[in-house]
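This is target_21.pdb (PDB, C-alpha atoms and all ligand atoms).
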ATOM      1  CA  MET Q 103       7.092  19.390  -2.474
ATOM      2  CA  TRP Q 104       3.717  18.093  -1.305
ATOM      3  CA  LYS Q 105       2.043  21.375  -2.248
ATOM      4  CA  ASP Q 106       3.135  20.856  -5.827
ATOM      5  CA  PHE Q 107       3.072  17.116  -6.214
ATOM      6  CA  ALA Q 108       0.667  15.498  -3.721
ATOM      7  CA  CYS Q 109      -2.873  14.734  -4.889
ATOM      8  CA  LYS Q 110      -5.736  16.853  -3.575
ATOM      9  CA  GLU Q 111      -7.191  14.081  -1.413
ATOM     10  CA  PHE Q 112      -3.843  13.713   0.366
ATOM     11  CA  LEU Q 113      -3.497  17.462   0.950
ATOM     12  CA  ALA Q 114      -7.052  17.698   2.318
ATOM     13  CA  GLY Q 115      -6.382  14.797   4.699
ATOM     14  CA  GLN Q 116      -3.064  16.229   5.781
ATOM     15  CA  GLU Q 117      -4.631  19.575   6.588
ATOM     16  CA  ALA Q 118      -7.472  17.994   8.524
ATOM     17  CA  LEU Q 119      -5.004  15.838  10.447
ATOM     18  CA  SER Q 120      -3.091  18.958  11.530
ATOM     19  CA  VAL Q 121       0.003  17.109  12.704
ATOM     20  CA  SER Q 122       2.699  19.430  14.002
ATOM     21  CA  ARG Q 123       5.801  19.897  11.873
ATOM     22  CA  ASP Q 124       7.940  20.234  14.979
ATOM     23  CA  GLN Q 125       7.431  16.981  16.800
ATOM     24  CA  VAL Q 126       6.737  13.308  16.357
ATOM     25  CA  PRO Q 127       2.946  12.967  16.646
ATOM     26  CA  SER Q 128       1.284  10.804  19.246
ATOM     27  CA  ILE Q 129      -0.780   7.903  17.945
ATOM     28  CA  ASP Q 130      -3.677   8.958  20.235
ATOM     29  CA  GLN Q 131      -3.798  12.399  18.693
ATOM     30  CA  VAL Q 132      -3.788  10.920  15.183
ATOM     31  CA  ASN Q 133      -6.508   8.463  16.126
ATOM     32  CA  SER Q 134      -8.826  11.119  17.471
ATOM     33  CA  SER Q 135      -8.608  12.886  14.082
ATOM     34  CA  LEU Q 136      -9.233   9.614  12.236
ATOM     35  CA  ALA Q 137     -12.153   8.691  14.480
ATOM     36  CA  GLY Q 138     -14.054  11.772  13.365
ATOM     37  CA  ARG Q 139     -13.589  10.883   9.706
ATOM     38  CA  THR Q 140     -13.315   7.275   8.580
ATOM     39  CA  GLY Q 141     -12.905   5.473  11.881
ATOM     40  CA  PHE Q 142      -9.592   3.969  10.775
ATOM     41  CA  GLN Q 143      -7.205   3.609  13.691
ATOM     42  CA  ALA Q 144      -3.426   3.593  13.730
ATOM     43  CA  ILE Q 145      -2.058   0.782  15.889
ATOM     44  CA  PRO Q 146       1.546   0.963  17.043
ATOM     45  CA  VAL Q 147       3.981  -1.750  15.950
ATOM     46  CA  GLY Q 148       7.652  -1.983  16.813
ATOM     47  CA  GLY Q 149       8.878  -2.882  13.353
ATOM     48  CA  TYR Q 150       8.227  -4.926  10.271
ATOM     49  CA  LEU Q 151       5.003  -6.910  10.615
ATOM     50  CA  ASN Q 152       4.415 -10.158   8.771
ATOM     51  CA  PRO Q 153       2.224  -9.420   5.742
ATOM     52  CA  MET Q 154      -0.626 -11.678   6.789
ATOM     53  CA  ARG Q 155      -1.018  -9.854  10.104
ATOM     54  CA  PHE Q 156      -0.578  -6.539   8.339
ATOM     55  CA  PHE Q 157      -3.418  -7.171   5.871
ATOM     56  CA  GLU Q 158      -5.666  -8.709   8.534
ATOM     57  CA  ALA Q 159      -5.324  -5.469  10.480
ATOM     58  CA  LEU Q 160      -6.222  -3.424   7.382
ATOM     59  CA  ARG Q 161      -9.362  -5.490   6.922
ATOM     60  CA  GLU Q 162     -10.442  -4.426  10.409
ATOM     61  CA  GLY Q 163      -9.738  -0.777   9.749
ATOM     62  CA  LYS Q 164      -6.506  -0.780  11.739
ATOM     63  CA  PHE Q 165      -3.349   0.619  10.275
ATOM     64  CA  PRO Q 166      -0.129  -0.905  11.703
ATOM     65  CA  THR Q 167       2.106   2.077  12.343
ATOM     66  CA  THR Q 168       5.821   1.806  12.928
ATOM     67  CA  VAL Q 169       6.770   3.902  15.944
ATOM     68  CA  THR Q 170      10.479   4.256  15.197
ATOM     69  CA  ILE Q 171      11.758   7.164  13.151
ATOM     70  CA  ARG Q 172      14.464   7.227  10.491
ATOM     71  CA  GLY Q 173      17.769   8.984  11.065
ATOM     72  CA  ARG Q 174      18.649  12.304   9.508
ATOM     73  CA  ASP Q 175      20.846  10.479   7.014
ATOM     74  CA  SER Q 176      17.782   8.671   5.562
ATOM     75  CA  LEU Q 177      15.491  11.588   4.844
ATOM     76  CA  ASN Q 178      15.724  11.062   1.093
ATOM     77  CA  PHE Q 179      15.121   7.340   1.169
ATOM     78  CA  SER Q 180      14.354   4.778   3.832
ATOM     79  CA  ARG Q 181      14.093   1.116   3.030
ATOM     80  CA  GLN Q 182      12.192   0.357   6.222
ATOM     81  CA  PRO Q 183       8.861   1.980   7.053
ATOM     82  CA  ASP Q 184       8.961   4.403   9.981
ATOM     83  CA  ILE Q 185       6.500   6.728  11.691
ATOM     84  CA  PHE Q 186       7.113   9.390   9.057
ATOM     85  CA  HIS Q 187       6.223   6.999   6.249
ATOM     86  CA  ASP Q 188       3.184   5.654   8.103
ATOM     87  CA  ILE Q 189       1.698   8.775   9.719
ATOM     88  CA  ALA Q 190       2.776  11.519   7.337
ATOM     89  CA  GLY Q 191       2.519   9.312   4.259
ATOM     90  CA  HIS Q 192      -0.394   6.911   4.745
ATOM     91  CA  VAL Q 193      -2.681   8.458   7.338
ATOM     92  CA  PRO Q 194      -3.719  11.609   5.407
ATOM     93  CA  LEU Q 195      -5.406   9.414   2.794
ATOM     94  CA  LEU Q 196      -6.955   7.246   5.498
ATOM     95  CA  MET Q 197      -8.909  10.407   6.383
ATOM     96  CA  ASN Q 198     -10.595  10.009   2.970
ATOM     97  CA  GLU Q 199     -13.651   7.742   2.942
ATOM     98  CA  LYS Q 200     -12.979   6.299  -0.504
ATOM     99  CA  PHE Q 201      -9.331   5.580   0.177
ATOM    100  CA  ALA Q 202     -10.055   4.074   3.586
ATOM    101  CA  GLU Q 203     -12.441   1.638   1.864
ATOM    102  CA  ILE Q 204      -9.736   0.793  -0.703
ATOM    103  CA  VAL Q 205      -7.273  -0.048   2.041
ATOM    104  CA  LYS Q 206      -9.828  -2.188   3.918
ATOM    105  CA  LYS Q 207     -10.640  -3.982   0.694
ATOM    106  CA  PHE Q 208      -6.981  -4.909   0.226
ATOM    107  CA  GLY Q 209      -7.165  -6.497   3.670
ATOM    108  CA  ARG Q 210     -10.368  -8.394   2.822
ATOM    109  CA  ILE Q 211      -8.955  -9.726  -0.445
ATOM    110  CA  TRP Q 212      -5.745 -10.921   1.199
ATOM    111  CA  SER Q 213      -7.866 -12.835   3.724
ATOM    112  CA  ASN Q 214     -10.145 -14.168   0.971
ATOM    113  CA  ILE Q 215      -7.136 -15.611  -0.824
ATOM    114  CA  HIS Q 216      -6.391 -17.695   2.254
ATOM    115  CA  ASP Q 217     -10.022 -18.722   2.618
ATOM    116  CA  LEU Q 218     -10.097 -19.864  -1.001
ATOM    117  CA  TYR Q 219      -6.838 -21.712  -0.506
ATOM    118  CA  LEU Q 220      -8.289 -23.585   2.439
ATOM    119  CA  SER Q 221     -11.647 -24.320   0.832
ATOM    120  CA  ASP Q 222     -10.714 -25.458  -2.671
ATOM    121  CA  GLY Q 223      -7.648 -27.537  -1.829
ATOM    122  CA  SER Q 224      -5.504 -25.488  -4.194
ATOM    123  CA  SER Q 225      -1.743 -25.718  -4.237
ATOM    124  CA  SER Q 226       0.594 -23.436  -2.362
ATOM    125  CA  SER Q 227       2.093 -22.309  -5.685
ATOM    126  CA  LYS Q 228      -1.341 -20.923  -6.641
ATOM    127  CA  LEU Q 229      -1.571 -19.195  -3.264
ATOM    128  CA  ARG Q 230       1.900 -17.711  -3.726
ATOM    129  CA  SER Q 231       1.005 -16.427  -7.178
ATOM    130  CA  GLU Q 232      -2.223 -14.815  -5.953
ATOM    131  CA  ILE Q 233      -0.442 -13.221  -3.011
ATOM    132  CA  ARG Q 234       2.202 -11.884  -5.419
ATOM    133  CA  GLY Q 235      -0.636 -10.333  -7.396
ATOM    134  CA  ILE Q 236      -2.374  -8.550  -4.515
ATOM    135  CA  THR Q 237       0.978  -7.404  -3.097
ATOM    136  CA  ARG Q 238       1.979  -5.916  -6.459
ATOM    137  CA  LEU Q 239      -1.350  -4.149  -6.759
ATOM    138  CA  PHE Q 240      -0.867  -2.685  -3.260
ATOM    139  CA  TRP Q 241       2.685  -1.659  -4.155
ATOM    140  CA  PHE Q 242       1.799   0.155  -7.370
ATOM    141  CA  THR Q 243      -1.199   1.942  -5.835
ATOM    142  CA  VAL Q 244      -1.164   2.525  -2.073
ATOM    143  CA  GLU Q 245       2.645   2.646  -1.898
ATOM    144  CA  PHE Q 246       3.731   4.047  -5.264
ATOM    145  CA  GLY Q 247       0.633   5.252  -7.081
ATOM    146  CA  LEU Q 248       0.410   8.328  -9.293
ATOM    147  CA  ILE Q 249      -2.836  10.040 -10.260
ATOM    148  CA  GLU Q 250      -3.788  12.448 -13.023
ATOM    149  CA  GLU Q 251      -5.384  15.616 -11.715
ATOM    150  CA  ALA Q 252      -6.496  18.346 -14.144
ATOM    151  CA  GLY Q 253      -3.881  17.238 -16.659
ATOM    152  CA  GLU Q 254      -1.042  17.081 -14.131
ATOM    153  CA  ILE Q 255       0.632  14.065 -12.582
ATOM    154  CA  LYS Q 256       0.373  13.951  -8.781
ATOM    155  CA  ALA Q 257       1.359  11.350  -6.235
ATOM    156  CA  TYR Q 258      -0.891   9.467  -3.837
ATOM    157  CA  GLY Q 259       1.434   6.584  -2.932
ATOM    158  CA  SER Q 260       3.017   6.881   0.496
ATOM    159  CA  GLY Q 261       6.364   5.489  -0.681
ATOM    160  CA  ILE Q 262       6.653   8.430  -3.058
ATOM    161  CA  LEU Q 263       5.239  11.040  -0.709
ATOM    162  CA  THR Q 264       7.630  10.215   2.124
ATOM    163  CA  SER Q 265      10.833  10.194   0.107
ATOM    164  CA  SER Q 266      11.972  13.409  -1.505
ATOM    165  CA  GLY Q 267      14.386  11.371  -3.623
ATOM    166  CA  GLU Q 268      11.621   9.032  -4.782
ATOM    167  CA  LEU Q 269       9.353  11.988  -5.530
ATOM    168  CA  ARG Q 270      12.021  13.684  -7.674
ATOM    169  CA  ASN Q 271      12.705  10.338  -9.319
ATOM    170  CA  ALA Q 272       9.004   9.792 -10.053
ATOM    171  CA  LEU Q 273       8.796  13.104 -11.869
ATOM    172  CA  SER Q 274      12.033  12.621 -13.795
ATOM    173  CA  SER Q 275      12.622  11.060 -17.169
ATOM    174  CA  LYS Q 276      14.274   8.072 -15.474
ATOM    175  CA  VAL Q 277      10.880   6.539 -14.750
ATOM    176  CA  GLU Q 278       8.630   4.846 -17.254
ATOM    177  CA  LEU Q 279       5.146   6.231 -16.599
ATOM    178  CA  CYS Q 280       2.386   3.853 -17.644
ATOM    179  CA  ARG Q 281      -1.360   4.192 -17.771
ATOM    180  CA  PHE Q 282      -2.895   2.057 -15.072
ATOM    181  CA  ASN Q 283      -3.285  -1.505 -16.303
ATOM    182  CA  LEU Q 284      -4.229  -4.290 -13.909
ATOM    183  CA  ASP Q 285      -2.786  -7.177 -15.940
ATOM    184  CA  SER Q 286       0.486  -5.350 -16.394
ATOM    185  CA  ILE Q 287       0.752  -4.628 -12.653
ATOM    186  CA  LEU Q 288      -0.077  -8.181 -11.638
ATOM    187  CA  ASN Q 289       2.840  -9.479 -13.677
ATOM    188  CA  ARG Q 290       5.290  -6.697 -12.812
ATOM    189  CA  SER Q 291       7.921  -7.341 -10.168
ATOM    190  CA  PHE Q 292       9.205  -4.349  -8.234
ATOM    191  CA  THR Q 293      12.258  -3.229  -6.316
ATOM    192  CA  ILE Q 294      12.168  -2.380  -2.646
ATOM    193  CA  ASP Q 295      15.707  -1.075  -2.196
ATOM    194  CA  LYS Q 296      16.120   1.196  -5.227
ATOM    195  CA  TYR Q 297      14.147   4.012  -6.759
ATOM    196  CA  GLN Q 298      11.238   2.750  -8.830
ATOM    197  CA  ARG Q 299      11.748   2.341 -12.582
ATOM    198  CA  VAL Q 300       8.080   1.967 -13.590
ATOM    199  CA  LEU Q 301       5.032   3.693 -12.120
ATOM    200  CA  TYR Q 302       1.333   3.599 -13.000
ATOM    201  CA  ILE Q 303      -1.041   6.549 -13.289
ATOM    202  CA  VAL Q 304      -4.744   6.263 -12.421
ATOM    203  CA  ASP Q 305      -7.445   8.671 -13.628
ATOM    204  CA  SER Q 306      -9.070   8.785 -10.204
ATOM    205  CA  LEU Q 307      -9.226   6.812  -6.981
ATOM    206  CA  ASP Q 308     -12.261   5.047  -8.440
ATOM    207  CA  SER Q 309      -9.867   3.269 -10.814
ATOM    208  CA  VAL Q 310      -8.197   1.639  -7.806
ATOM    209  CA  THR Q 311     -11.554   0.585  -6.377
ATOM    210  CA  ASN Q 312     -12.531  -0.878  -9.765
ATOM    211  CA  ALA Q 313      -9.197  -2.674 -10.081
ATOM    212  CA  LEU Q 314      -9.815  -4.385  -6.747
ATOM    213  CA  THR Q 315     -13.231  -5.535  -7.956
ATOM    214  CA  ASP Q 316     -11.642  -6.861 -11.178
ATOM    215  CA  PHE Q 317      -8.964  -8.559  -9.093
ATOM    216  CA  GLU Q 318     -11.622 -10.378  -7.087
ATOM    217  CA  VAL Q 319     -13.352 -11.566 -10.277
ATOM    218  CA  LYS Q 320     -10.073 -12.937 -11.607
ATOM    219  CA  LEU Q 321      -9.299 -14.492  -8.251
ATOM    220  CA  ARG Q 322     -12.609 -16.361  -8.105
ATOM    221  CA  ALA Q 323     -12.178 -17.518 -11.698
ATOM    222  CA  GLY Q 324      -8.773 -18.969 -10.778
ATOM    223  CA  GLU Q 325      -6.998 -16.744 -13.297
ATOM    224  CA  LEU Q 326      -4.218 -15.569 -11.000
ATOM    225  CA  ALA Q 327      -2.475 -18.881 -10.442
ATOM    226  CA  HIS Q 328       0.434 -18.296 -12.830
ATOM    227  CA  LEU Q 329       1.538 -14.700 -12.494
ATOM    228  CA  GLU Q 330       5.115 -13.832 -13.471
ATOM    229  CA  ASP Q 331       7.773 -14.692 -10.897
ATOM    230  CA  GLY Q 332       9.687 -11.921  -9.172
ATOM    231  CA  GLU Q 333       9.144  -9.518  -6.299
ATOM    232  CA  PRO Q 334       7.748  -9.901  -3.800
ATOM    233  CA  PHE Q 335      10.414 -12.524  -3.163
ATOM    234  CA  ALA Q 336       9.518 -14.031   0.130
ATOM    235  CA  GLU Q 337      11.830 -16.619   1.524
ATOM    236  CA  SER Q 338       9.695 -17.309   4.524
ATOM    237  CA  ASP Q 339       6.380 -19.156   4.515
ATOM    238  CA  ASN Q 340       5.387 -16.551   7.060
ATOM    239  CA  PHE Q 341       4.963 -14.107   4.217
ATOM    240  CA  TYR Q 342       2.159 -16.198   2.747
ATOM    241  CA  GLY Q 343       0.562 -16.982   6.049
ATOM    242  CA  LEU Q 344       1.763 -20.566   5.720
ATOM    243  CA  ALA Q 345       3.576 -20.471   9.044
ATOM    244  CA  GLY Q 346       2.992 -18.852  12.370
ATOM    245  CA  SER Q 347      -0.780 -18.928  11.971
ATOM    246  CA  GLU Q 348      -3.610 -21.427  11.964
ATOM    247  CA  ILE Q 349      -2.942 -22.211   8.306
ATOM    248  CA  VAL Q 350      -0.571 -25.149   8.382
ATOM    249  CA  ARG Q 351      -0.957 -26.939   5.069
TER     250      ARG Q 351
HETATM  251 FE    FE J   1       3.722   1.915   3.285
END
Starting from the file, give its structure as structure tokens.
Amino acid sequence: MWKDFACKEFLAGQEALSVSRDQVPSIDQVNSSLAGRTGFQAIPVGGYLNPMRFFEALREGKFPTTVTIRGRDSLNFSRQPDIFHDIAGHVPLLMNEKFAEIVKKFGRIWSNIHDLYLSDGSSSSKLRSEIRGITRLFWFTVEFGLIEEAGEIKAYGSGILTSSGELRNALSSKVELCRFNLDSILNRSFTIDKYQRVLYIVDSLDSVTNALTDFEVKLRAGELAHLEDGEPFAESDNFYGLAGSEIVR
């Protein structure tokens, strides 16, 4: 399915990574391939990582990689990330200079949101809204992004590329395909336990880079304080970096 539906940058990265189809790859082997390209490094984690630590790692060019693997009964769809999602799905694009910068920039912006929160005395509801915004942008690009390539729709989001069911769903009439629109994404909640109902198509990876720049402008202007409620629903303050870190307000 990748041959037909993955974007060219993903396929180039996947080929250069040359991970065996027959065995679970070692993180060291993956990292030596990455080191020769973008310098990103996969770091092993045992399971779900709190988002603040996740994005801090991205900022430093480290990609938290789940080292467990899904069961055979979850090949179509896995709610939790696993090594297949992280290595087969994310790492090929981390071999691409432009995409690696995009992912680092997500990490920097997440951290900047906290810095702004600490420096301007803003409320935690503003922080929560801004974090909702950057998380949605990550979701609809890095996780579930589609891209137009020579008139055809291809996938670059890892959540699509590591779920055959999600990939079929993305290309079916069940999904509303929208042109990439930052304001729409920032106010769009998403589902994490069902196939996606709405997906966004970019013209090129540059559109994602530009969207991050636009996001930062809006962030500094204080325009992201009242985004629509909805996913990500985070019950724990940990999600926002309000607990379990040096931020205690
Ligand atoms: Fe992911």
Q.
With distances taken over only C-alpha atoms, which residue among Q:Gly267, Q:Gln131, Q:Arg322, Q:Arg172 lies nearest Q:Asp217?
A. Q:Arg322
**Q.** Selection result for the PyMOL selection byres (((chain Q and resi 306-315) around 9) and not hetatm) on this file, as a VMD selection string
**A.** chain Q and resid 200 to 201 203 to 204 207 to 208 211 236 239 243 249 to 251 282 to 284 303 to 305 316 to 320
Q: Enumerate, as a list in words, the residues matched when the PyMOL selection byres (((not hetatm)) within 9 of (chain J and resi 1)) is run on the file above.
A: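 Answer for the PyMOL selection byres (((not hetatm)) within 9 of (chain J and resi 1)): Pro183, Asp184, His187, Asp188, Gly191, His192, Trp241, Val244, Glu245, Phe246, Gly259, Ser260 and Gly261 of chain Q.
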Q: Could you expand the PyMOL selection byres (((chain Q and resi 219) around 12) and not hetatm) into the explicit residues it covers here, written as a PyMOL selection string?
A: chain Q and resi 212-218+220-233+321-322+324+327+342-344+349-351
**Q.** 7 Å contact set for Q:Phe107, all atoms listed in the file, chain neighbours under 3 positions out, as a PyMOL selection string
**A.** chain Q and resi 103-104+256-257
Q. For Q:Cys109, which residue out of Q:Thr167, Q:Asn271, Q:Asn198, Q:Ser265 is the nearest one, using only C-alpha atoms?
A.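 Under the stated criterion, the closest residue is Q:Asn198.
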